[in-house]
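S.K.: First the structure, which I've put down as structure tokens, then a few questions once you've had a look.
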Amino acid sequence: MNHDLTAGEFQALTGLTAKALRLYAERGILAPAAIDPDSGYRQYARSQFQKGVVIDLLRRAQVPLSELATAPGFPFERWRETVEMKRLVEDFYLDVAEQIATFNAADFTAHSTPAPALDWVGFLVDLGIPEDVDGRIETFSGLAVNMPAAENAFTEALADLGVASAVMSWTAVPDLAVRKGNGQMVMARPGPVRLSSRSRELIERRVHSSTGQSITVVSGTLPHRIEVTFSSTATREVTPVEEAACGYLHTLAFEEHRTRHHLTAIAPTARQVNHGESMFPSTNSTGPISVFDVHPAT
């Protein structure tokens with residue numbers, strides 16, 4: 001028989017550890033060619049050497065265990081594409097981090113606009129953003145489809161209740177979600193703050209039946225306030241990295257502005273406001289801007 005390598009010899013040849021060999025055997029990735037029924041010692045065939053080395057190198061390349069069962073018939077090209085995408089994402093985040101790390105308040109101009117009290121209606125959604133990069137990419141891709149559909153169904157349900165179309169809309173993080181970090185977001189627009197329980201249930205059912213998305217209808221009133229926004233002093237076109245960093249940079253600019261002028265924020269985070277019926281405007285729109293609400297000076 002060709003079961004002529006002990007576990008120790010196989011480890012020495014392949015670079016795999018005893019712990020790894022036991023794990024791969026349990027997962028069906030690389031099983032011993034034979035196990036001595038009396039001693040329990042594992043034996044490996046020399047013909048398994050190639051697969052063992054490939055598996056060891058793939059693990060060094062950070063390939064997850066779930067992908068290793070196919071080695072040595074491993075889909076190398078597909079995995080290279082996956083790795084390339086991960087590297088692009090990682091490089092992008094590094095570039096965004098660098099933008100934020102080099103923040104300079106002088107790069108931004110503050111604009112303050114008094115605003116009257118405003119009743120609003122909206123819906124609360126649980127984002128469920130995972131920690132890992134792959135999960136984030138998948139989640140954000142899903143949100144890019146689900147959120148516009150939910151907003152459209154929400155708007156149609158309000159129209160059926162006789163609520164006029166909105167001239168602006170915004171997203172915000174609820175105060176409770178900020179404190180608990182539970183990944184919730186409100187999509188809101190001007191509208192009646194006093195909706196009946198029946199109307200709220202009708203809207204929630206309408207959105208769920210149209211999109212499969214579960215929402216909770218919420219409402220409130222923005223008090224009389226000063227809306228603070230920021231613009232960049234740079235005149236050149238904004239890069240994708242700068243666009244991604246924009247919200248963070250505006251928050252840093254606001255903190256500097258708030259401290260310098262002794263302002264009191266109404267909410268811990270900015271609203272992302274879009275002047276139009278939808279938070280998901282056409283390509284011709286400038287998109288949402290960060291609006292920081294502060295109490296008027298007394």
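Following the order of the structure tokens, first chain is A, next is B, and so on, with residues numbered from 1 inside each chain and ligands from 1 in the order they appear.
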Using only C-alpha atoms, which protein or nucleic acid residues come within 8 Å of Asn274 (chain A)? Drop anything in the same chain fewer than 3 positions from it, and give the result as number ranges by chain.
M.R.: A: 168-170, 278-279, 287-289
S.K.: Need the shell around Asp56 (chain A): protein/DNA/RNA residues with any atom at most 9 Å away, counting only C-alpha atoms. Skip same-chain ones fewer than 5 positions apart. Format as a PyMOL selection string?
M.R.: chain A and resi 14-16+51+61
S.K.: Write out, as an mmCIF file, in the first residue's frame, the residues just selected, with N, CA and C atoms.
M.R.:
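So again_36.cif came out as:
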data_model
loop_
_atom_site.group_PDB
_atom_site.id
_atom_site.type_symbol
_atom_site.label_atom_id
_atom_site.label_comp_id
_atom_site.auth_asym_id
_atom_site.auth_seq_id
_atom_site.Cartn_x
_atom_site.Cartn_y
_atom_site.Cartn_z
ATOM 1 N N THR A 14 4.788 18.924 4.128
ATOM 2 C CA THR A 14 3.810 19.903 3.641
ATOM 3 C C THR A 14 3.853 21.238 4.381
ATOM 4 N N GLY A 15 4.380 21.245 5.592
ATOM 5 C CA GLY A 15 4.344 22.461 6.400
ATOM 6 C C GLY A 15 3.085 22.590 7.225
ATOM 7 N N LEU A 16 2.181 21.614 7.116
ATOM 8 C CA LEU A 16 0.950 21.640 7.896
ATOM 9 C C LEU A 16 1.227 21.208 9.330
ATOM 10 N N LYS A 51 -1.797 17.889 -2.657
ATOM 11 C CA LYS A 51 -2.983 18.537 -2.092
ATOM 12 C C LYS A 51 -2.652 19.195 -0.758
ATOM 13 N N ALA A 61 -2.579 32.260 1.999
ATOM 14 C CA ALA A 61 -3.169 33.319 1.160
ATOM 15 C C ALA A 61 -4.521 33.783 1.698
#
S.K.: From the set A:Ser232, A:Ser47, A:Thr211, A:Ser39, which residue has the shortest atom-to-atom contact distance to Leu5 (chain A), counting only C-alpha atoms?
M.R.: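 So, comparing all the options, the nearest one is A:Ser47.
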S.K.: Could you list, as a list in words, every residue within 12 Å of Pro64 (chain A), counting only C-alpha atoms and ignoring same-chain residues fewer than 6 positions away?
M.R.: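 Once the nearby chain positions are removed, what remains is Tyr24, Ile29, Ile55, Asp56, Leu57, Leu58, Thr70, Ala71, Trp79 and Val83 of chain A.
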S.K.: I need the chosen residues saved as an mmCIF file, in the first residue's frame, with C-alpha atoms.
M.R.:
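The result, stored in part-v2.cif:
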data_model
loop_
_atom_site.group_PDB
_atom_site.id
_atom_site.type_symbol
_atom_site.label_atom_id
_atom_site.label_comp_id
_atom_site.auth_asym_id
_atom_site.auth_seq_id
_atom_site.Cartn_x
_atom_site.Cartn_y
_atom_site.Cartn_z
ATOM 1 C CA TYR A 24 -8.893 19.433 7.929
ATOM 2 C CA ILE A 29 -10.808 18.802 3.495
ATOM 3 C CA ILE A 55 -3.974 23.636 1.048
ATOM 4 C CA ASP A 56 -1.183 25.019 3.235
ATOM 5 C CA LEU A 57 -0.346 27.730 0.701
ATOM 6 C CA LEU A 58 -3.998 28.642 0.164
ATOM 7 C CA THR A 70 -11.970 21.721 -3.832
ATOM 8 C CA ALA A 71 -8.146 21.868 -3.580
ATOM 9 C CA TRP A 79 -10.331 33.656 -6.135
ATOM 10 C CA VAL A 83 -8.779 38.987 -3.696
#
S.K.: Within region 123-297 of chain A, find each residue whose DSSP state, derived from the backbone, is helix (DSSP H, G or I), and express the selection as a short mmCIF file (atom, residue, chain, number, x, y, z; two decimals) with C-alpha atoms, in the first residue's frame.
M.R.:
data_model
loop_
_atom_site.label_atom_id
_atom_site.label_comp_id
_atom_site.auth_asym_id
_atom_site.auth_seq_id
_atom_site.Cartn_x
_atom_site.Cartn_y
_atom_site.Cartn_z
CA VAL A 133 -15.78 43.37 4.27
CA ASP A 134 -17.59 40.73 2.19
CA GLY A 135 -20.68 41.07 4.35
CA ARG A 136 -20.61 44.85 4.09
CA ILE A 137 -20.34 44.75 0.30
CA GLU A 138 -23.28 42.34 0.08
CA THR A 139 -25.37 44.33 2.58
CA PHE A 140 -24.76 47.70 0.91
CA SER A 141 -25.54 46.17 -2.48
CA GLY A 142 -28.85 44.94 -1.09
CA LEU A 143 -29.64 48.30 0.52
CA ALA A 144 -28.99 50.06 -2.79
CA VAL A 145 -31.94 48.11 -4.18
CA ASN A 146 -34.20 47.73 -1.14
CA MET A 147 -34.13 51.26 0.27
CA PRO A 148 -35.28 53.10 -2.88
CA ALA A 149 -38.06 50.54 -3.30
CA ALA A 150 -39.14 50.97 0.32
CA GLU A 151 -39.07 54.75 0.02
CA ASN A 152 -41.15 54.62 -3.17
CA ALA A 153 -43.76 52.35 -1.54
CA PHE A 154 -43.81 54.61 1.52
CA THR A 155 -44.40 57.70 -0.66
CA GLU A 156 -47.19 55.97 -2.58
CA ALA A 157 -48.87 54.90 0.66
CA LEU A 158 -48.75 58.48 1.97
CA ALA A 159 -50.19 59.75 -1.33
CA ASP A 160 -53.10 57.31 -0.95
CA ASP A 175 -30.75 59.21 19.19
CA LEU A 176 -31.37 55.80 20.76
CA ALA A 177 -29.54 54.07 17.92
CA VAL A 178 -26.59 56.44 18.42
CA ARG A 179 -26.39 55.57 22.11
CA LYS A 180 -26.79 51.83 21.62
CA SER A 197 -52.54 53.84 14.30
CA ARG A 198 -54.60 52.51 11.40
CA SER A 199 -52.78 54.77 8.91
CA ARG A 200 -49.40 53.68 10.25
CA GLU A 201 -50.36 50.01 9.95
CA LEU A 202 -51.59 50.55 6.38
CA ILE A 203 -48.29 52.18 5.40
CA GLU A 204 -46.21 49.44 7.02
CA ARG A 205 -48.25 46.71 5.30
CA ARG A 206 -48.01 48.54 1.96
CA VAL A 207 -44.23 48.74 2.15
CA HIS A 208 -43.90 45.12 3.25
CA SER A 209 -46.21 43.78 0.55
CA SER A 210 -44.41 45.78 -2.14
CA THR A 211 -40.82 45.16 -1.09
CA PRO A 240 -14.64 59.41 -5.15
CA VAL A 241 -12.37 59.11 -2.10
CA GLU A 242 -13.10 62.70 -1.08
CA GLU A 243 -16.80 62.10 -1.63
CA ALA A 244 -16.70 59.04 0.64
CA ALA A 245 -14.82 61.02 3.30
CA CYS A 246 -17.09 64.04 2.98
CA GLY A 247 -19.56 63.14 5.73
CA TYR A 248 -16.79 62.42 8.22
CA LEU A 249 -14.91 65.59 7.31
CA HIS A 250 -18.04 67.68 7.67
CA THR A 251 -18.59 66.17 11.12
CA LEU A 252 -15.05 67.15 12.11
CA ALA A 253 -15.62 70.63 10.69
CA PHE A 254 -18.86 70.91 12.66
CA GLU A 255 -17.18 69.86 15.91
CA GLU A 256 -14.55 72.56 15.42
CA HIS A 257 -17.22 75.13 14.48
CA ARG A 258 -19.52 74.14 17.36
CA THR A 259 -16.74 74.39 19.94
CA ARG A 260 -15.45 77.70 18.63
CA HIS A 261 -18.92 79.31 18.62
#
S.K.: Which residues come within 7 Å of Val173 (chain A), counting only C-alpha atoms, excluding same-chain residues fewer than 5 positions away, as number ranges by chain?
M.R.: A: 178, 184-186, 269
S.K.: Would you put the residues from that selection into a file with all heavy atoms, as a short mmCIF file (atom, residue, chain, number, x, y, z; two decimals), in the first residue's frame?
M.R.:
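Saved to selection12.cif:
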data_model
loop_
_atom_site.label_atom_id
_atom_site.label_comp_id
_atom_site.auth_asym_id
_atom_site.auth_seq_id
_atom_site.Cartn_x
_atom_site.Cartn_y
_atom_site.Cartn_z
N VAL A 178 -27.94 55.88 18.21
CA VAL A 178 -26.59 56.44 18.42
C VAL A 178 -26.03 55.95 19.73
O VAL A 178 -24.87 55.53 19.83
CB VAL A 178 -26.63 57.99 18.39
CG1 VAL A 178 -25.27 58.55 18.79
CG2 VAL A 178 -27.01 58.48 17.00
N GLN A 184 -29.64 51.43 13.25
CA GLN A 184 -30.93 51.83 12.73
C GLN A 184 -30.82 53.17 12.00
O GLN A 184 -29.92 53.96 12.26
CB GLN A 184 -31.96 51.95 13.85
CG GLN A 184 -32.36 50.61 14.46
CD GLN A 184 -33.43 50.79 15.52
OE1 GLN A 184 -33.43 51.75 16.28
NE2 GLN A 184 -34.36 49.85 15.58
N MET A 185 -31.76 53.40 11.10
CA MET A 185 -31.79 54.64 10.35
C MET A 185 -33.23 55.05 10.10
O MET A 185 -34.11 54.19 9.92
CB MET A 185 -31.07 54.47 9.01
CG MET A 185 -31.02 55.73 8.16
SD MET A 185 -30.17 55.46 6.58
CE MET A 185 -31.40 54.48 5.70
N VAL A 186 -33.47 56.36 10.13
CA VAL A 186 -34.78 56.90 9.80
C VAL A 186 -34.71 57.58 8.44
O VAL A 186 -33.78 58.34 8.17
CB VAL A 186 -35.25 57.93 10.86
CG1 VAL A 186 -36.49 58.67 10.37
CG2 VAL A 186 -35.58 57.23 12.16
N THR A 269 -25.85 63.53 15.58
CA THR A 269 -25.32 63.33 14.24
C THR A 269 -26.08 64.21 13.25
O THR A 269 -27.16 64.73 13.55
CB THR A 269 -25.45 61.86 13.79
OG1 THR A 269 -26.84 61.48 13.81
CG2 THR A 269 -24.66 60.93 14.72
#
S.K.: What is the CA of Gln48 (chain A) to CA of Leu30 (chain A) distance in Å?
M.R.: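 Distance reported for this atom pair: 8.4 Å.
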S.K.: Identify all residues of region 76-265 of chain A in strand (DSSP E or B) (DSSP on the backbone) and supply them as an MDAnalysis selection string.
M.R.: chainID A and resid 108:115 118:126 169:172 184:190 216:222 225:232 265
S.K.: Between A:Phe123, A:Leu68, A:His295, A:Asp95, which is the closest to Gly28 (chain A) once you count only C-alpha atoms?
M.R.: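 Going through A:Phe123, A:Leu68, A:His295, A:Asp95 one by one, the smallest distance to Gly28 (chain A) is for A:Leu68.
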S.K.: Could you check which of A:Gln50, A:Glu237, A:Lys86, A:Ala164 is closest to Gln62 (chain A), using only C-alpha atoms?
M.R.: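 Of the candidates, the smallest distance to Gln62 (chain A) is held by A:Lys86.
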S.K.: If you count only C-alpha atoms, which residues fall within 12 Å of Arg42 (chain A), apart from same-chain ones fewer than 4 positions away, as a ChimeraX atom specification?
M.R.: /A:3-11,18,21-22,25,30-38
S.K.: For Ile226 (chain A), which residue out of A:Ala115, A:Leu195, A:Ala188, A:Val238 is the nearest one, using only C-alpha atoms?
M.R.: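 Selected residue with least distance to Ile226 (chain A): A:Ala115.
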S.K.: Pick out the residues sitting within 12 Å of Ile266 (chain A), and hand them over as a PyMOL selection string; count only C-alpha atoms, and ignore anything fewer than 2 positions along from it in its own chain.
M.R.: chain A and resi 174-175+221-228+258+263-264+268-271+291-296
S.K.: What is the CA of Pro190 (chain A) to CA of Leu118 (chain A) distance in Å?
M.R.: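 Straight-line distance from CA of Pro190 (chain A) to CA of Leu118 (chain A) works out to 6.9 Å.
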S.K.: Expressed in Å to a single decimal, how great is the separation between CA of Thr102 (chain A) and CA of Arg87 (chain A)?
M.R.: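 Those two atoms sit 22.4 Å apart.
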S.K.: Report as a PyMOL selection string all protein, DNA and RNA residues lying within 10 Å of Pro192 (chain A), evaluated on only C-alpha atoms, omitting residues in the same chain fewer than 5 positions from it.
M.R.: chain A and resi 118-122+158+163+219-221
S.K.: Store the residues picked out above in a file with N, CA, C and O atoms, as a PDB file, in the first residue's frame.
M.R.:
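Done, and the output landed in selection-v4.pdb:
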ATOM      1  N   LEU A 118     -40.565  72.126  12.111  1.00  0.00           N
ATOM      2  CA  LEU A 118     -41.042  71.360  10.958  1.00  0.00           C
ATOM      3  C   LEU A 118     -41.522  69.984  11.406  1.00  0.00           C
ATOM      4  O   LEU A 118     -40.762  69.201  12.003  1.00  0.00           O
ATOM      5  N   ASP A 119     -42.803  69.681  11.133  1.00  0.00           N
ATOM      6  CA  ASP A 119     -43.330  68.339  11.390  1.00  0.00           C
ATOM      7  C   ASP A 119     -42.823  67.390  10.321  1.00  0.00           C
ATOM      8  O   ASP A 119     -42.701  67.763   9.140  1.00  0.00           O
ATOM      9  N   TRP A 120     -42.539  66.148  10.709  1.00  0.00           N
ATOM     10  CA  TRP A 120     -42.043  65.176   9.742  1.00  0.00           C
ATOM     11  C   TRP A 120     -42.639  63.803  10.007  1.00  0.00           C
ATOM     12  O   TRP A 120     -43.097  63.494  11.112  1.00  0.00           O
ATOM     13  N   VAL A 121     -42.627  62.991   8.961  1.00  0.00           N
ATOM     14  CA  VAL A 121     -43.042  61.591   9.057  1.00  0.00           C
ATOM     15  C   VAL A 121     -42.022  60.763   8.293  1.00  0.00           C
ATOM     16  O   VAL A 121     -41.431  61.227   7.304  1.00  0.00           O
ATOM     17  N   GLY A 122     -41.787  59.560   8.753  1.00  0.00           N
ATOM     18  CA  GLY A 122     -40.790  58.713   8.102  1.00  0.00           C
ATOM     19  C   GLY A 122     -40.917  57.273   8.531  1.00  0.00           C
ATOM     20  O   GLY A 122     -41.922  56.878   9.133  1.00  0.00           O
ATOM     21  N   LEU A 158     -48.375  57.171   1.450  1.00  0.00           N
ATOM     22  CA  LEU A 158     -48.748  58.483   1.967  1.00  0.00           C
ATOM     23  C   LEU A 158     -49.661  59.220   0.985  1.00  0.00           C
ATOM     24  O   LEU A 158     -50.624  59.883   1.389  1.00  0.00           O
ATOM     25  N   VAL A 163     -51.535  62.689   1.571  1.00  0.00           N
ATOM     26  CA  VAL A 163     -50.385  63.512   1.953  1.00  0.00           C
ATOM     27  C   VAL A 163     -49.663  63.958   0.691  1.00  0.00           C
ATOM     28  O   VAL A 163     -49.301  63.132  -0.155  1.00  0.00           O
ATOM     29  N   SER A 219     -42.719  59.479  13.498  1.00  0.00           N
ATOM     30  CA  SER A 219     -42.939  60.884  13.179  1.00  0.00           C
ATOM     31  C   SER A 219     -42.413  61.736  14.320  1.00  0.00           C
ATOM     32  O   SER A 219     -42.085  61.242  15.399  1.00  0.00           O
ATOM     33  N   GLY A 220     -42.316  63.031  14.069  1.00  0.00           N
ATOM     34  CA  GLY A 220     -41.802  63.936  15.088  1.00  0.00           C
ATOM     35  C   GLY A 220     -41.799  65.357  14.582  1.00  0.00           C
ATOM     36  O   GLY A 220     -42.348  65.663  13.510  1.00  0.00           O
ATOM     37  N   THR A 221     -41.154  66.231  15.324  1.00  0.00           N
ATOM     38  CA  THR A 221     -41.067  67.639  14.951  1.00  0.00           C
ATOM     39  C   THR A 221     -39.640  68.130  15.144  1.00  0.00           C
ATOM     40  O   THR A 221     -39.061  67.965  16.227  1.00  0.00           O
TER      41      THR A 221
END
